[in-house]
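Just model_21.cif here, mmCIF, C-alpha atoms:
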```cif
data_run
#
loop_
_atom_site.label_atom_id
_atom_site.label_comp_id
_atom_site.auth_asym_id
_atom_site.auth_seq_id
_atom_site.Cartn_x
_atom_site.Cartn_y
_atom_site.Cartn_z
CA MET A 1 -24.28 20.47 -9.49
CA ILE A 2 -25.40 16.85 -9.14
CA VAL A 3 -25.25 15.43 -5.63
CA LEU A 4 -25.01 11.64 -5.59
CA ARG A 5 -27.54 9.64 -3.60
CA SER A 6 -24.69 8.13 -1.61
CA THR A 7 -23.62 11.63 -0.56
CA TRP A 8 -27.11 12.49 0.64
CA ARG A 9 -27.33 9.29 2.63
CA LEU A 10 -23.93 9.84 4.16
CA LEU A 11 -25.00 13.35 5.17
CA LEU A 12 -28.17 11.97 6.78
CA TYR A 13 -26.03 9.42 8.62
CA TYR A 14 -23.84 12.24 9.90
CA LEU A 15 -26.89 14.26 10.91
CA ALA A 16 -28.14 11.31 12.96
CA SER A 17 -24.69 10.97 14.53
CA LEU A 18 -24.73 14.67 15.44
CA GLY A 19 -28.02 14.19 17.25
CA ALA A 20 -26.61 11.16 19.07
CA PHE A 21 -23.48 13.10 19.97
CA LEU A 22 -25.38 16.06 21.43
CA LEU A 23 -28.20 14.16 23.12
CA LEU A 24 -26.44 10.97 24.18
CA ALA A 25 -22.65 11.00 23.97
CA LEU A 26 -21.96 14.35 25.63
CA PRO A 27 -24.26 13.74 28.64
CA VAL A 28 -22.76 10.26 29.11
CA LEU A 29 -19.19 11.51 28.89
CA ARG A 30 -20.02 14.28 31.39
CA GLY A 31 -21.31 11.66 33.80
CA GLU A 32 -24.92 12.86 33.74
CA PHE A 33 -26.15 9.29 33.20
CA HIS A 34 -24.68 5.88 32.49
CA LEU A 35 -24.77 4.22 29.08
CA GLN A 36 -21.34 2.99 28.10
CA PHE A 37 -21.29 3.14 24.30
CA TYR A 38 -17.49 3.11 24.12
CA ALA A 39 -14.60 0.81 25.06
CA ASP A 40 -11.66 2.92 26.30
CA THR A 41 -12.71 6.53 25.81
CA MET A 42 -12.53 7.54 29.47
CA THR A 43 -9.09 5.93 29.83
CA TYR A 44 -7.78 7.91 26.88
CA GLU A 45 -9.25 11.16 28.20
CA ARG A 46 -7.80 10.59 31.68
CA LEU A 47 -4.33 9.84 30.30
CA ALA A 48 -4.46 12.90 28.03
CA ARG A 49 -5.15 15.05 31.09
CA THR A 50 -2.59 13.48 33.43
CA MET A 51 0.31 12.14 31.36
CA PRO A 52 2.81 13.75 29.01
CA LEU A 53 2.87 12.53 25.44
CA SER A 54 5.66 9.98 24.99
CA PHE A 55 6.43 6.76 23.19
CA ASN A 56 6.15 4.99 26.55
CA LEU A 57 2.43 4.87 25.79
CA ILE A 58 3.20 2.22 23.15
CA GLN A 59 3.35 -1.24 24.73
CA VAL A 60 3.11 -4.86 23.60
CA GLY A 61 -0.45 -5.24 24.86
CA ALA A 62 -1.68 -1.68 24.35
CA ASN A 63 -1.10 1.43 22.26
CA LEU A 64 -2.32 4.57 23.96
CA PHE A 65 -0.15 6.96 21.97
CA GLY A 66 -2.55 7.63 19.08
CA PRO A 67 -5.67 8.57 21.05
CA VAL A 68 -3.65 10.67 23.52
CA LEU A 69 -1.94 12.47 20.63
CA VAL A 70 -5.31 13.27 19.00
CA LEU A 71 -6.76 14.50 22.30
CA LYS A 72 -3.78 16.71 23.09
CA THR A 73 -3.71 18.09 19.54
CA LEU A 74 -7.42 18.98 19.74
CA GLY A 75 -7.16 20.35 23.26
CA GLY A 76 -9.40 17.60 24.61
CA HIS A 77 -12.49 19.20 23.04
CA ARG A 78 -15.04 16.46 22.49
CA PHE A 79 -16.79 18.21 19.62
CA LEU A 80 -13.47 18.56 17.76
CA VAL A 81 -12.88 14.85 18.37
CA TYR A 82 -16.31 14.17 16.88
CA LEU A 83 -15.39 16.23 13.79
CA PHE A 84 -12.07 14.37 13.57
CA ASN A 85 -13.96 11.07 13.56
CA LEU A 86 -16.29 12.32 10.82
CA ALA A 87 -13.24 13.34 8.80
CA CYS A 88 -11.75 9.84 9.17
CA LEU A 89 -14.89 8.13 7.89
CA THR A 90 -15.38 10.69 5.10
CA ALA A 91 -11.79 10.22 3.96
CA ALA A 92 -12.13 6.43 4.10
CA PHE A 93 -15.32 6.39 2.06
CA GLY A 94 -14.05 9.01 -0.37
CA ILE A 95 -10.73 7.30 -1.14
CA VAL A 96 -12.39 3.93 -1.67
CA VAL A 97 -15.10 5.13 -4.06
CA ARG A 98 -12.55 7.14 -6.05
CA THR A 99 -10.05 4.30 -6.30
CA PHE A 100 -12.20 1.20 -6.68
CA PRO A 101 -15.05 0.48 -9.12
CA VAL A 102 -17.65 0.07 -6.38
CA ASN A 103 -21.37 0.40 -6.03
CA ARG A 104 -21.33 3.43 -3.73
CA LEU A 105 -24.76 2.90 -2.22
CA ARG A 106 -24.05 -0.75 -1.49
CA PHE A 107 -20.68 -0.02 0.11
CA LEU A 108 -22.17 2.77 2.21
CA PHE A 109 -25.03 0.51 3.29
CA TYR A 110 -22.58 -2.12 4.51
CA LEU A 111 -20.60 0.48 6.46
CA MET A 112 -23.78 1.81 8.05
CA LEU A 113 -25.01 -1.69 8.90
CA THR A 114 -22.73 -2.13 11.90
CA PRO A 115 -23.48 -0.05 15.02
CA LEU A 116 -19.76 -0.07 15.84
CA MET A 117 -19.18 2.35 12.96
CA PHE A 118 -21.83 4.70 14.34
CA THR A 119 -20.63 4.69 17.96
CA SER A 120 -17.05 5.14 16.77
CA LEU A 121 -18.04 8.61 15.57
CA LEU A 122 -19.12 9.78 19.02
CA SER A 123 -15.93 9.80 21.10
CA ILE A 124 -12.18 9.25 20.98
CA ASN A 125 -11.31 5.72 19.85
CA LYS A 126 -8.91 3.84 17.58
CA GLU A 127 -11.44 1.95 15.49
CA ILE A 128 -12.46 4.86 13.26
CA VAL A 129 -8.79 5.63 12.55
CA ALA A 130 -8.27 1.94 11.72
CA VAL A 131 -11.07 2.22 9.16
CA ALA A 132 -9.27 5.13 7.48
CA ALA A 133 -5.91 3.34 7.61
CA THR A 134 -7.44 0.25 6.00
CA ALA A 135 -9.15 2.25 3.25
CA PHE A 136 -5.99 4.13 2.32
CA PHE A 137 -3.85 1.00 2.39
CA ALA A 138 -6.25 -0.95 0.17
CA SER A 139 -6.40 2.03 -2.17
CA TYR A 140 -2.61 2.16 -2.35
CA TYR A 141 -2.48 -1.51 -3.31
CA ARG A 142 -5.00 -0.78 -6.06
CA SER A 143 -3.51 2.48 -7.39
CA GLY A 144 0.18 2.43 -6.40
CA ARG A 145 0.01 6.05 -5.23
CA ARG A 146 2.61 6.46 -2.52
CA TRP A 147 0.87 9.32 -0.74
CA GLN A 148 -1.94 6.91 0.04
CA LEU A 149 0.57 4.52 1.59
CA ALA A 150 2.03 7.38 3.64
CA VAL A 151 -1.41 8.27 5.01
CA ALA A 152 -2.11 4.61 5.76
CA LEU A 153 1.15 4.13 7.66
CA VAL A 154 0.70 7.28 9.74
CA ALA A 155 -2.88 6.32 10.58
CA SER A 156 -1.86 2.75 11.42
CA PHE A 157 0.76 4.03 13.86
CA LEU A 158 -1.98 5.96 15.65
CA VAL A 159 -4.02 2.76 15.97
CA ARG A 160 -1.77 -0.14 17.01
CA TRP A 161 1.80 -1.08 16.25
CA GLN A 162 0.46 -4.43 15.01
CA MET A 163 -1.40 -2.62 12.24
CA THR A 164 1.80 -0.99 11.01
CA LEU A 165 3.47 -4.40 11.19
CA PHE A 166 0.65 -5.91 9.13
CA MET A 167 1.16 -3.33 6.39
CA PHE A 168 4.89 -4.00 6.14
CA VAL A 169 4.28 -7.76 6.17
CA PHE A 170 1.72 -7.44 3.38
CA MET A 171 3.98 -5.25 1.26
CA GLY A 172 6.76 -7.79 1.68
CA MET A 173 4.46 -10.63 0.64
CA ALA A 174 3.27 -8.75 -2.46
CA SER A 175 6.76 -7.62 -3.51
CA PRO A 176 9.36 -9.39 -5.69
CA ILE A 177 11.29 -10.44 -2.55
CA ASN A 178 8.61 -13.11 -2.06
CA PRO A 179 9.34 -15.83 -4.66
CA VAL A 180 5.83 -17.29 -4.28
CA ARG A 181 3.99 -13.97 -4.32
CA ARG A 182 1.77 -15.12 -7.20
CA ARG A 183 0.59 -18.09 -5.13
CA ARG A 184 -1.42 -16.28 -2.52
CA LEU A 185 -2.69 -19.28 -0.57
CA LEU A 186 0.84 -20.64 -0.23
CA SER A 187 2.09 -17.20 0.84
CA VAL A 188 -0.53 -16.95 3.59
CA THR A 189 0.22 -20.51 4.73
CA ILE A 190 3.95 -19.78 4.97
CA LEU A 191 3.18 -16.59 6.89
CA THR A 192 1.05 -18.38 9.49
CA VAL A 193 3.66 -21.11 9.95
CA ALA A 194 6.37 -18.48 10.44
CA ILE A 195 4.18 -16.65 12.95
CA SER A 196 3.51 -19.93 14.77
CA VAL A 197 7.22 -20.44 15.37
CA ALA A 198 8.04 -16.81 16.17
CA TYR A 199 5.19 -16.56 18.68
CA VAL A 200 6.26 -19.59 20.72
CA GLN A 201 9.88 -18.44 20.69
CA ASN A 202 8.70 -15.20 22.37
CA LEU A 203 6.01 -16.76 24.54
CA ASP A 204 7.32 -15.23 27.78
CA THR A 205 6.38 -11.80 26.44
CA PHE A 206 2.75 -12.84 25.97
CA GLU A 207 2.26 -15.18 28.95
CA ARG A 208 0.54 -12.67 31.22
CA ILE A 209 -1.55 -11.31 28.36
CA ASP A 210 -2.64 -14.88 27.53
CA GLN A 211 -3.92 -15.42 31.07
CA VAL A 212 -5.89 -12.17 31.16
CA ALA A 213 -7.21 -12.69 27.63
CA SER A 214 -8.44 -16.23 28.33
CA PHE A 215 -10.35 -14.98 31.37
CA ALA A 216 -11.84 -12.05 29.44
CA ALA A 217 -12.83 -14.34 26.57
CA ARG A 218 -14.68 -16.67 28.94
CA GLU A 219 -16.60 -13.66 30.21
CA ALA A 220 -17.34 -12.44 26.68
CA VAL A 221 -18.70 -15.73 25.34
CA GLU A 222 -20.30 -17.05 28.51
CA GLY A 223 -17.52 -19.39 29.61
CA SER A 224 -17.33 -21.70 26.59
CA GLY A 225 -13.58 -22.17 27.06
CA LEU A 226 -13.07 -22.40 23.30
CA TYR A 227 -10.89 -19.31 23.08
CA GLY A 228 -8.61 -20.58 25.84
CA ALA A 229 -8.31 -23.90 24.01
CA LEU A 230 -7.35 -22.13 20.78
CA ILE A 231 -4.71 -20.10 22.63
CA SER A 232 -3.36 -23.35 24.11
CA VAL A 233 -2.91 -24.80 20.61
CA GLN A 234 -1.33 -21.51 19.51
CA ASN A 235 1.13 -21.74 22.40
CA HIS A 236 2.35 -25.12 21.11
CA TYR A 237 3.31 -24.13 17.55
CA GLY A 238 -0.24 -24.65 16.29
CA TYR A 239 -1.27 -21.15 15.32
CA PHE A 240 -1.27 -22.05 11.62
CA LEU A 241 -3.91 -24.67 12.43
CA VAL A 242 -6.22 -22.44 14.46
CA PHE A 243 -5.81 -18.95 13.05
CA LEU A 244 -8.98 -19.15 10.93
CA PRO A 245 -11.32 -20.51 13.65
CA LYS A 246 -9.68 -18.20 16.20
CA THR A 247 -10.21 -15.18 13.97
CA LEU A 248 -13.83 -16.16 13.29
CA HIS A 249 -14.37 -16.70 17.01
CA GLN A 250 -13.11 -13.20 17.71
CA MET A 251 -15.27 -11.73 14.97
CA ILE A 252 -18.59 -13.42 15.77
CA GLY A 253 -18.10 -15.26 19.08
CA PRO A 254 -20.26 -12.81 21.10
CA LEU A 255 -23.34 -13.95 19.17
CA GLY A 256 -23.77 -16.37 22.04
CA ARG A 257 -24.64 -13.43 24.30
CA MET A 258 -28.06 -12.81 22.77
CA ASP A 259 -29.64 -13.25 26.19
CA LYS A 260 -27.72 -10.17 27.40
CA VAL A 261 -29.13 -7.78 24.81
CA THR A 262 -31.55 -6.17 27.27
CA ASP A 263 -28.84 -5.68 29.90
CA VAL A 264 -27.67 -2.12 29.23
CA SER A 265 -25.31 -2.06 32.21
CA ASP A 266 -22.62 -3.02 29.68
CA PHE A 267 -24.19 -1.46 26.60
CA PHE A 268 -21.03 -1.52 24.51
CA ASN A 269 -20.40 -5.27 24.81
CA ASN A 270 -23.99 -6.46 25.21
CA ASP A 271 -25.46 -4.39 22.40
CA VAL A 272 -22.96 -2.51 20.22
CA ILE A 273 -20.51 -5.40 19.87
CA LEU A 274 -23.28 -8.00 19.73
CA PHE A 275 -25.04 -6.32 16.81
CA HIS A 276 -21.68 -5.60 15.17
CA CYS A 277 -21.14 -9.37 15.25
CA VAL A 278 -24.59 -9.86 13.73
CA ALA A 279 -23.66 -7.48 10.90
CA THR A 280 -20.32 -9.26 10.48
CA ALA A 281 -22.06 -12.64 10.25
CA ILE A 282 -24.46 -11.26 7.64
CA LEU A 283 -21.61 -9.84 5.55
CA LEU A 284 -19.53 -13.02 5.74
CA SER A 285 -22.54 -15.16 4.82
CA LEU A 286 -23.35 -12.89 1.89
CA ALA A 287 -19.71 -12.97 0.75
CA VAL A 288 -19.68 -16.77 0.84
CA TRP A 289 -23.01 -16.95 -1.02
CA ARG A 290 -21.77 -14.55 -3.69
CA ARG A 291 -18.41 -16.33 -3.90
CA ARG A 292 -16.42 -13.29 -2.89
CA ILE A 293 -14.23 -15.05 -0.31
CA ARG A 294 -11.42 -15.60 -2.80
CA LEU A 295 -7.77 -14.70 -2.46
CA ASP A 296 -7.65 -13.47 -6.06
CA LEU A 297 -9.72 -10.48 -4.90
CA HIS A 298 -7.40 -7.81 -3.54
CA PRO A 299 -9.56 -6.81 -0.52
CA ILE A 300 -9.92 -10.45 0.56
CA TYR A 301 -6.19 -11.10 0.24
CA ILE A 302 -5.48 -8.02 2.36
CA ALA A 303 -8.07 -9.21 4.89
CA ALA A 304 -6.44 -12.67 5.03
CA VAL A 305 -3.04 -11.21 5.87
CA TYR A 306 -4.63 -8.88 8.42
CA ALA A 307 -6.34 -11.89 10.00
CA ALA A 308 -3.05 -13.79 10.13
CA VAL A 309 -1.35 -10.94 11.98
CA PHE A 310 -4.19 -9.85 14.27
CA GLY A 311 -5.60 -13.32 14.85
CA LEU A 312 -2.44 -14.01 16.82
CA SER A 313 -3.52 -11.59 19.52
CA PRO A 314 -4.57 -13.33 22.74
CA ILE A 315 -6.82 -10.38 23.53
CA PHE A 316 -10.48 -11.14 22.77
CA ALA A 317 -11.71 -7.97 21.07
CA PRO A 318 -14.09 -8.19 18.08
CA ARG A 319 -13.58 -4.47 17.45
CA TYR A 320 -9.95 -5.17 16.42
CA PHE A 321 -11.38 -6.85 13.32
CA LEU A 322 -13.42 -3.93 12.05
CA PRO A 323 -10.87 -3.51 9.20
CA ILE A 324 -11.77 -7.01 7.97
CA TYR A 325 -15.43 -5.98 8.03
CA VAL A 326 -14.58 -2.97 5.83
CA LEU A 327 -12.55 -5.09 3.41
CA VAL A 328 -15.31 -7.70 3.06
CA ALA A 329 -17.79 -4.86 2.50
CA LEU A 330 -15.52 -3.53 -0.23
CA ALA A 331 -15.26 -6.96 -1.87
CA LEU A 332 -19.06 -7.24 -1.88
CA ALA A 333 -19.52 -3.77 -3.35
CA LEU A 334 -17.03 -4.19 -6.21
CA ARG A 335 -18.40 -4.02 -9.73
CA PRO A 336 -17.19 -6.71 -12.17
CA GLU A 337 -14.30 -5.70 -14.39
CA PRO A 338 -12.57 -7.54 -17.23
CA ARG A 339 -9.37 -9.19 -16.01
CA VAL A 340 -6.14 -7.89 -17.55
CA ALA A 341 -4.45 -11.15 -18.53
CA ALA A 342 -0.97 -9.69 -18.95
CA GLU A 343 -0.71 -8.57 -15.35
CA PRO A 344 -0.06 -10.99 -12.47
CA ALA A 345 -2.80 -11.13 -9.88
CA ASP A 346 -0.45 -10.13 -7.07
CA GLU A 347 0.77 -6.87 -8.53
CA LEU A 348 -0.99 -3.53 -8.45
CA SER A 349 -3.74 -4.09 -10.96
CA PRO A 350 -7.21 -2.85 -11.86
CA ALA A 351 -8.37 -6.45 -12.15
CA LEU A 352 -10.42 -6.91 -9.01
CA VAL A 353 -13.51 -8.93 -9.86
CA PRO A 354 -13.54 -11.17 -12.93
CA ALA A 355 -16.27 -10.26 -15.36
CA PRO A 356 -19.10 -12.79 -15.53
CA ARG A 357 -18.85 -15.22 -18.41
#
```
Final structure tokens representation of the file:
Amino acid sequence: MIVLRSTWRLLLYYLASLGAFLLLALPVLRGEFHLQFYADTMTYERLARTMPLSFNLIQVGANLFGPVLVLKTLGGHRFLVYLFNLACLTAAFGIVVRTFPVNRLRFLFYLMLTPLMFTSLLSINKEIVAVAATAFFASYYRSGRRWQLAVALVASFLVRWQMTLFMFVFMGMASPINPVRRRRLLSVTILTVAISVAYVQNLDTFERIDQVASFAAREAVEGSGLYGALISVQNHYGYFLVFLPKTLHQMIGPLGRMDKVTDVSDFFNNDVILFHCVATAILLSLAVWRRRIRLDLHPIYIAAVYAAVFGLSPIFAPRYFLPIYVLVALALALRPEPRVAAEPADELSPALVPAPR
């Protein structure tokens, strides 16, 4: 039996994560020493111990249902949670490399480049489930297999209700009910304008979240005030104007915290998120250089719609945009294929990257 090099490297990655789980994550989670490598793990564990499972855990500004469900299903055992996280990443990688014509080693390298992927294996979190949801949804759009869509929707519900909303929005945009579905740039523009209006009409719902988010963003990017200014424009029907810079700010804004890298009192934000932003900046730069930021590429189109939906969030959280990182990594790892001229670019199609002329 031939074992692919990508499989060996993935196994080595998992072996390293097992060492980190046993030697670092478990002692930290037990309170034996402080090194916060997670965002909300302790909150999820506390709620799983003290609260019954109910849909009341799903709120406008937070979705606690998924992590609590996983913890209760696994009896709160941290090692089982670790195995669950490994299964999510394995499933994500496996479905992508079986559905898309990708360079496996390159795609795996990009996934391993961000430390956020590694730390997401070590404790309960929503990011690793979001990676799986994104992989299955992109694979569904490529293959048309409905079971992949079912997996994606279930996984998205465990992450955030906004992710489920994004999937339904995207399917609507790519379906015959959208008369301009073949004009992807126009479709995204119409979507952002519609979101701009709908957001302001429901501004009372988000007012308190806006205030908290603006304060948190100032803390995260050393008080630049840019994020608050973008939210202000968004609150006055201008989201369609600022959604790209706002999304980019959320994805790489913490690069301004380089001076905090040696401060491990907030290891997750000062180091994990910072170097995740470095990896994101590298991937985006490489995608621009290789001319892969194009809406005619399925992963980039999916990422654009995801950005339109999640960029609306007033909460400053670069980790929310890990799915975009995965989709850009996929676009970079795609092998060229001849375009099938008879099929429209918006429909399910094997034409992903035009063959070089």
With the file shown as input, list the residues that the PyMOL selection byres ((chain A and resi 52) around 12) selects, as number ranges by chain.
A: 46-51, 53-57, 64-65, 68-69, 71-72
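For the file at hand, the PyMOL selection byres ((chain A and resi 322) around 10) resolves to Thr114, Leu116, Met117, Glu127, Ile128, Ala130, Val131, Thr134, Met251, His276, Cys277, Thr280, Pro318, Arg319, Tyr320, Phe321, Pro323, Ile324, Tyr325, Val326, Leu327 and Val328 of chain A.
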Find the residues around Leu80 in chain A up to 10 Å (only C-alpha atoms counted), leave out those fewer than 6 positions away in its own chain, and share them as a CSV table (one decimal) with C-alpha atoms, keeping the file's coordinate frame.
```
chain,number,residue,atom,x,y,z
A,70,VAL,CA,-5.3,13.3,19.0
A,71,LEU,CA,-6.8,14.5,22.3
A,73,THR,CA,-3.7,18.1,19.5
A,74,LEU,CA,-7.4,19.0,19.7
A,86,LEU,CA,-16.3,12.3,10.8
A,123,SER,CA,-15.9,9.8,21.1
A,124,ILE,CA,-12.2,9.2,21.0
```
Could you produce a table of the residues of range 120-168 of chain A lying within 10 Å of range 13-34 of chain A, with the nearest pair of atoms per residue and their separation in Å rounded to one decimal, using all atoms listed in the file, ordered by chain and increasing residue number, as a Markdown table?
```
| residue | atom | partner | partner_atom | distance |
| --- | --- | --- | --- | --- |
| A:Ser120 | CA | A:Ser17 | CA | 9.9 |
| A:Leu121 | CA | A:Ser17 | CA | 7.1 |
| A:Leu122 | CA | A:Phe21 | CA | 5.6 |
| A:Ser123 | CA | A:Ala25 | CA | 7.4 |
```
Specify the axis-aligned box that encloses all atoms of range 15-26 of chain A listed in the file after padding of 3 Å on each side, stating its centre and edge lengths in Å to one decimal as JSON.
```
{"center_x": -25.1, "center_y": 13.5, "center_z": 18.3, "size_x": 12.2, "size_y": 11.1, "size_z": 20.7}
```
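Rounded to one decimal, CA of Met171 in chain A and CA of Leu230 in chain A lie 28.2 Å from each other.
In terms of minimum interatomic distance to Met112 in chain A, A:Leu12 ranks closest within A:Leu241, A:Leu12, A:Val200, A:Ala304, counting only C-alpha atoms.
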With distances taken over only C-alpha atoms, which residue among A:Asn85, A:Asn235, A:Asn269, A:Asn103 lies nearest Arg257 in chain A?
A:Asn269
